[in-house]
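Content type PDB, C-alpha atoms, from the file work-v1.pdb:
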```pdb
ATOM      1  CA  MET A1067      72.612  -8.276  21.845  1.00  0.00           C
ATOM      2  CA  ASN A1068      71.031  -7.058  25.015  1.00  0.00           C
ATOM      3  CA  LEU A1069      67.590  -5.641  24.477  1.00  0.00           C
ATOM      4  CA  HIS A1070      67.118  -4.633  28.077  1.00  0.00           C
ATOM      5  CA  ALA A1071      70.042  -2.333  28.247  1.00  0.00           C
ATOM      6  CA  ASP A1072      69.959   1.189  29.557  1.00  0.00           C
ATOM      7  CA  ALA A1073      68.574   3.911  27.391  1.00  0.00           C
ATOM      8  CA  ASP A1074      72.084   5.367  27.024  1.00  0.00           C
ATOM      9  CA  THR A1075      73.673   2.178  25.782  1.00  0.00           C
ATOM     10  CA  ALA A1076      70.804   0.709  23.801  1.00  0.00           C
ATOM     11  CA  PRO A1077      71.139   0.791  20.080  1.00  0.00           C
ATOM     12  CA  LEU A1078      68.456   2.699  18.314  1.00  0.00           C
ATOM     13  CA  LEU A1079      66.087   0.276  16.714  1.00  0.00           C
ATOM     14  CA  LYS A1080      64.177   1.436  13.725  1.00  0.00           C
ATOM     15  CA  ARG A1081      60.502   0.774  13.816  1.00  0.00           C
ATOM     16  CA  ARG A1082      59.225  -0.945  10.809  1.00  0.00           C
ATOM     17  CA  LYS A1083      56.624   1.199   9.084  1.00  0.00           C
ATOM     18  CA  LEU A1084      53.409  -0.754   8.565  1.00  0.00           C
ATOM     19  CA  PRO A1085      51.572  -0.260   5.287  1.00  0.00           C
ATOM     20  CA  ASP A1086      48.314   1.678   5.478  1.00  0.00           C
ATOM     21  CA  ALA A1087      45.538  -0.752   6.087  1.00  0.00           C
ATOM     22  CA  GLU A1088      42.827  -0.435   3.468  1.00  0.00           C
ATOM     23  CA  MET A1089      39.615  -2.250   4.083  1.00  0.00           C
ATOM     24  CA  ASP A1090      38.147  -4.248   1.205  1.00  0.00           C
ATOM     25  CA  ILE A1091      34.400  -3.620   1.365  1.00  0.00           C
ATOM     26  CA  THR A1092      33.496  -5.845  -1.574  1.00  0.00           C
ATOM     27  CA  PRO A1093      32.281  -8.738   0.621  1.00  0.00           C
ATOM     28  CA  MET A1094      30.198  -6.318   2.684  1.00  0.00           C
ATOM     29  CA  ILE A1095      28.538  -4.978  -0.487  1.00  0.00           C
ATOM     30  CA  ASP A1096      27.862  -8.537  -1.661  1.00  0.00           C
ATOM     31  CA  VAL A1097      26.182  -9.422   1.626  1.00  0.00           C
ATOM     32  CA  THR A1098      24.121  -6.209   1.490  1.00  0.00           C
ATOM     33  CA  PHE A1099      22.854  -7.030  -2.005  1.00  0.00           C
ATOM     34  CA  LEU A1100      22.052 -10.602  -0.980  1.00  0.00           C
ATOM     35  CA  LEU A1101      20.040  -9.333   1.992  1.00  0.00           C
ATOM     36  CA  LEU A1102      18.246  -6.823  -0.229  1.00  0.00           C
ATOM     37  CA  ILE A1103      17.336  -9.526  -2.732  1.00  0.00           C
ATOM     38  CA  PHE A1104      16.201 -11.857   0.054  1.00  0.00           C
ATOM     39  CA  PHE A1105      13.857  -9.278   1.571  1.00  0.00           C
ATOM     40  CA  MET A1106      12.482  -8.238  -1.827  1.00  0.00           C
ATOM     41  CA  VAL A1107      11.670 -11.825  -2.743  1.00  0.00           C
ATOM     42  CA  SER A1108      10.326 -12.940   0.627  1.00  0.00           C
ATOM     43  CA  SER A1109       8.229  -9.889   1.489  1.00  0.00           C
ATOM     44  CA  THR A1110       4.687  -9.313   0.311  1.00  0.00           C
ATOM     45  CA  MET A1111       3.524  -5.987  -0.963  1.00  0.00           C
ATOM     46  CA  GLN A1112       0.503  -4.270   0.542  1.00  0.00           C
ATOM     47  CA  ALA A1113      -2.398  -5.603  -1.457  1.00  0.00           C
ATOM     48  CA  ASP A1114      -4.783  -3.272  -3.198  1.00  0.00           C
ATOM     49  CA  PRO A1115      -8.035  -3.392  -1.194  1.00  0.00           C
ATOM     50  CA  SER A1116     -10.117  -3.409  -4.373  1.00  0.00           C
ATOM     51  CA  LYS A1117      -8.551  -6.717  -5.453  1.00  0.00           C
ATOM     52  CA  GLU A1118      -9.524  -8.467  -2.236  1.00  0.00           C
ATOM     53  CA  ILE A1119     -13.248  -7.841  -2.628  1.00  0.00           C
ATOM     54  CA  ASP A1120     -15.398 -10.762  -3.711  1.00  0.00           C
ATOM     55  CA  LEU A1121     -17.470  -8.958  -6.356  1.00  0.00           C
ATOM     56  CA  PRO A1122     -20.234 -10.635  -8.356  1.00  0.00           C
ATOM     57  CA  ALA A1123     -19.617 -11.335 -12.038  1.00  0.00           C
ATOM     58  CA  ALA A1124     -21.447  -9.359 -14.723  1.00  0.00           C
ATOM     59  CA  LYS A1125     -22.692 -10.301 -18.163  1.00  0.00           C
ATOM     60  CA  TYR A1126     -23.398  -6.753 -19.374  1.00  0.00           C
ATOM     61  CA  GLY A1127     -22.254  -3.312 -18.359  1.00  0.00           C
ATOM     62  CA  VAL A1128     -20.342  -0.184 -19.172  1.00  0.00           C
ATOM     63  CA  GLY A1129     -17.007   0.725 -17.639  1.00  0.00           C
ATOM     64  CA  VAL A1130     -16.600   3.822 -15.500  1.00  0.00           C
ATOM     65  CA  PRO A1131     -13.235   5.625 -15.195  1.00  0.00           C
ATOM     66  CA  LYS A1132     -12.065   4.808 -11.655  1.00  0.00           C
ATOM     67  CA  PRO A1133      -9.549   7.675 -11.160  1.00  0.00           C
ATOM     68  CA  ASP A1134     -12.316  10.280 -11.503  1.00  0.00           C
ATOM     69  CA  SER A1135     -14.736   8.338  -9.292  1.00  0.00           C
ATOM     70  CA  THR A1136     -15.473   8.068  -5.609  1.00  0.00           C
ATOM     71  CA  VAL A1137     -15.153   4.452  -4.499  1.00  0.00           C
ATOM     72  CA  ILE A1138     -17.100   3.147  -1.500  1.00  0.00           C
ATOM     73  CA  VAL A1139     -16.311  -0.385  -0.326  1.00  0.00           C
ATOM     74  CA  VAL A1140     -18.730  -2.517   1.715  1.00  0.00           C
ATOM     75  CA  ARG A1141     -17.175  -5.616   3.239  1.00  0.00           C
ATOM     76  CA  ALA A1142     -19.006  -8.433   4.971  1.00  0.00           C
ATOM     77  CA  PRO A1143     -20.656  -8.284   7.432  1.00  0.00           C
ATOM     78  CA  ASP A1144     -21.098  -4.490   7.668  1.00  0.00           C
ATOM     79  CA  LYS A1145     -17.758  -2.705   7.316  1.00  0.00           C
ATOM     80  CA  ILE A1146     -18.132   0.378   5.085  1.00  0.00           C
ATOM     81  CA  GLU A1147     -14.955   2.206   3.950  1.00  0.00           C
ATOM     82  CA  ASN A1148     -13.642   4.607   1.346  1.00  0.00           C
ATOM     83  CA  GLU A1149     -10.898   3.651  -1.123  1.00  0.00           C
ATOM     84  CA  LYS A1150      -8.224   4.512   1.489  1.00  0.00           C
ATOM     85  CA  GLY A1151      -9.643   2.013   3.994  1.00  0.00           C
ATOM     86  CA  GLN A1152     -11.145   4.618   6.350  1.00  0.00           C
ATOM     87  CA  ARG A1153     -14.400   3.520   7.990  1.00  0.00           C
ATOM     88  CA  LEU A1154     -17.545   5.400   6.983  1.00  0.00           C
ATOM     89  CA  ASP A1155     -21.092   5.677   8.276  1.00  0.00           C
ATOM     90  CA  VAL A1156     -24.139   6.873   6.308  1.00  0.00           C
ATOM     91  CA  GLU A1157     -23.592  10.564   7.166  1.00  0.00           C
ATOM     92  CA  ALA A1158     -19.903  10.349   6.299  1.00  0.00           C
ATOM     93  CA  ILE A1159     -20.848   8.834   2.923  1.00  0.00           C
ATOM     94  CA  LYS A1160     -23.144  11.779   2.200  1.00  0.00           C
ATOM     95  CA  ARG A1161     -20.422  14.292   3.139  1.00  0.00           C
ATOM     96  CA  LEU A1162     -17.773  12.475   1.086  1.00  0.00           C
ATOM     97  CA  VAL A1163     -19.958  12.195  -2.018  1.00  0.00           C
ATOM     98  CA  ALA A1164     -21.143  15.831  -1.739  1.00  0.00           C
ATOM     99  CA  GLU A1165     -17.553  17.045  -1.472  1.00  0.00           C
ATOM    100  CA  ARG A1166     -16.482  14.977  -4.491  1.00  0.00           C
ATOM    101  CA  VAL A1167     -19.479  16.180  -6.557  1.00  0.00           C
ATOM    102  CA  ARG A1168     -18.488  19.786  -5.760  1.00  0.00           C
ATOM    103  CA  ARG A1169     -15.062  18.980  -7.215  1.00  0.00           C
ATOM    104  CA  ASN A1170     -16.756  17.614 -10.355  1.00  0.00           C
ATOM    105  CA  HIS A1171     -16.248  13.916  -9.559  1.00  0.00           C
ATOM    106  CA  ARG A1172     -19.848  12.797 -10.030  1.00  0.00           C
ATOM    107  CA  HIS A1173     -19.329   9.042 -10.452  1.00  0.00           C
ATOM    108  CA  VAL A1174     -19.704   6.999  -7.262  1.00  0.00           C
ATOM    109  CA  ILE A1175     -18.732   3.331  -7.479  1.00  0.00           C
ATOM    110  CA  LEU A1176     -20.074   0.962  -4.830  1.00  0.00           C
ATOM    111  CA  GLN A1177     -17.996  -2.175  -4.355  1.00  0.00           C
ATOM    112  CA  ALA A1178     -19.882  -4.644  -2.175  1.00  0.00           C
ATOM    113  CA  GLU A1179     -18.906  -8.214  -1.366  1.00  0.00           C
ATOM    114  CA  ARG A1180     -21.350 -10.990  -2.173  1.00  0.00           C
ATOM    115  CA  GLN A1181     -22.024 -11.778   1.498  1.00  0.00           C
ATOM    116  CA  VAL A1182     -23.143  -8.240   2.412  1.00  0.00           C
ATOM    117  CA  PRO A1183     -26.849  -8.110   3.355  1.00  0.00           C
ATOM    118  CA  MET A1184     -29.051  -6.230   0.896  1.00  0.00           C
ATOM    119  CA  ARG A1185     -30.348  -3.849   3.606  1.00  0.00           C
ATOM    120  CA  ILE A1186     -26.817  -2.450   4.077  1.00  0.00           C
ATOM    121  CA  ILE A1187     -26.344  -2.013   0.329  1.00  0.00           C
ATOM    122  CA  ASN A1188     -29.732  -0.250   0.167  1.00  0.00           C
ATOM    123  CA  ASP A1189     -28.749   2.115   3.016  1.00  0.00           C
ATOM    124  CA  VAL A1190     -25.473   3.023   1.293  1.00  0.00           C
ATOM    125  CA  THR A1191     -27.210   3.426  -2.083  1.00  0.00           C
ATOM    126  CA  ARG A1192     -29.843   5.745  -0.564  1.00  0.00           C
ATOM    127  CA  ALA A1193     -27.109   7.852   1.071  1.00  0.00           C
ATOM    128  CA  ILE A1194     -25.342   8.213  -2.294  1.00  0.00           C
ATOM    129  CA  MET A1195     -28.515   9.032  -4.218  1.00  0.00           C
ATOM    130  CA  GLU A1196     -29.531  11.750  -1.699  1.00  0.00           C
ATOM    131  CA  VAL A1197     -26.625  13.875  -2.949  1.00  0.00           C
ATOM    132  CA  ASP A1198     -27.669  16.000  -5.930  1.00  0.00           C
ATOM    133  CA  GLY A1199     -25.530  15.403  -9.008  1.00  0.00           C
ATOM    134  CA  ALA A1200     -24.091  12.045  -7.925  1.00  0.00           C
ATOM    135  CA  GLU A1201     -24.189   9.210 -10.452  1.00  0.00           C
ATOM    136  CA  PHE A1202     -24.338   5.769  -8.820  1.00  0.00           C
ATOM    137  CA  PHE A1203     -22.576   2.694 -10.267  1.00  0.00           C
ATOM    138  CA  ALA A1204     -22.321  -0.813  -8.816  1.00  0.00           C
ATOM    139  CA  ALA A1205     -18.958  -2.492  -9.257  1.00  0.00           C
ATOM    140  CA  VAL A1206     -18.902  -6.006 -10.698  1.00  0.00           C
ATOM    141  CA  LEU A1207     -16.228  -8.300 -12.073  1.00  0.00           C
ATOM    142  CA  GLU A1208     -15.873  -8.356 -15.799  1.00  0.00           C
ATOM    143  CA  LYS A1209     -16.883 -11.756 -17.109  1.00  0.00           C
ATOM    144  CA  LYS A1210     -13.930 -13.519 -18.702  1.00  0.00           C
ATOM    145  CA  GLU A1211     -14.734 -15.676 -21.696  1.00  0.00           C
TER     146      GLU A1211
END
```
For this file, write the structure as structure tokens.
Amino acid sequence: MNLHADADTAPLLKRRKLPDAEMDITPMIDVTFLLLIFFMVSSTMQADPSKEIDLPAAKYGVGVPKPDSTVIVVRAPDKIENEKGQRLDVEAIKRLVAERVRRNHRHVILQAERQVPMRIINDVTRAIMEVDGAEFFAAVLEKKE
């Protein structure tokens, strides 16, 4: 049989119809789940700033509800921030506390690390106490027995 014959003399060859190609995506889904699990296990979540503070331990005290309170964090050596990590100065503390007192959030919790100099804690405490209606609380770790 001559395959290179003229178009007039060539026999008509039927083309074989190929089956529709369907892609099996099961291995791709497996790899995606493995990658997801790998990144979930190997990644670290953003730590809560309040858990990283080296607070002093307490023997006595009364708990204050944190959700209704204004939290001011003082980190060593002299970094003052709110609970969202935004830096504050003394005037910003007064404005923040006054605004929260107007919204009926009177409790102000001061979280200060052990290494913070007392003069800085005194400055922050004075700024809080200058706001009428603010109730000042110092944060400490609960003593575990």
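Among the candidates A:Val1130, A:Ala1193, A:Ile1095, A:Ala1200, the one nearest to Ala1158 (chain A) when counting all atoms listed in the file is A:Ala1193.
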What is the CA of Ile1186 (chain A)-CA of Glu1147 (chain A) distance in Å, reported with one decimal?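 So the two atoms, CA of Ile1186 (chain A) and CA of Glu1147 (chain A), lie 12.7 Å apart.
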Calculated over all atoms listed in the file, which of the candidates A:Leu1154, A:Val1137, A:Ile1091, A:Val1174 has the smallest distance to Gly1199 (chain A)?
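When distances to Gly1199 (chain A) are compared using all atoms listed in the file, the smallest one comes from A:Val1174.
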One decimal place gives the CA of Gln1177 (chain A)-CA of Phe1203 (chain A) separation as 8.9 Å
Counting all atoms listed in the file, the residue among A:Ala1205, A:Ile1146, A:Ala1164, A:Val1140 that lies closest to Val1182 (chain A) is A:Val1140
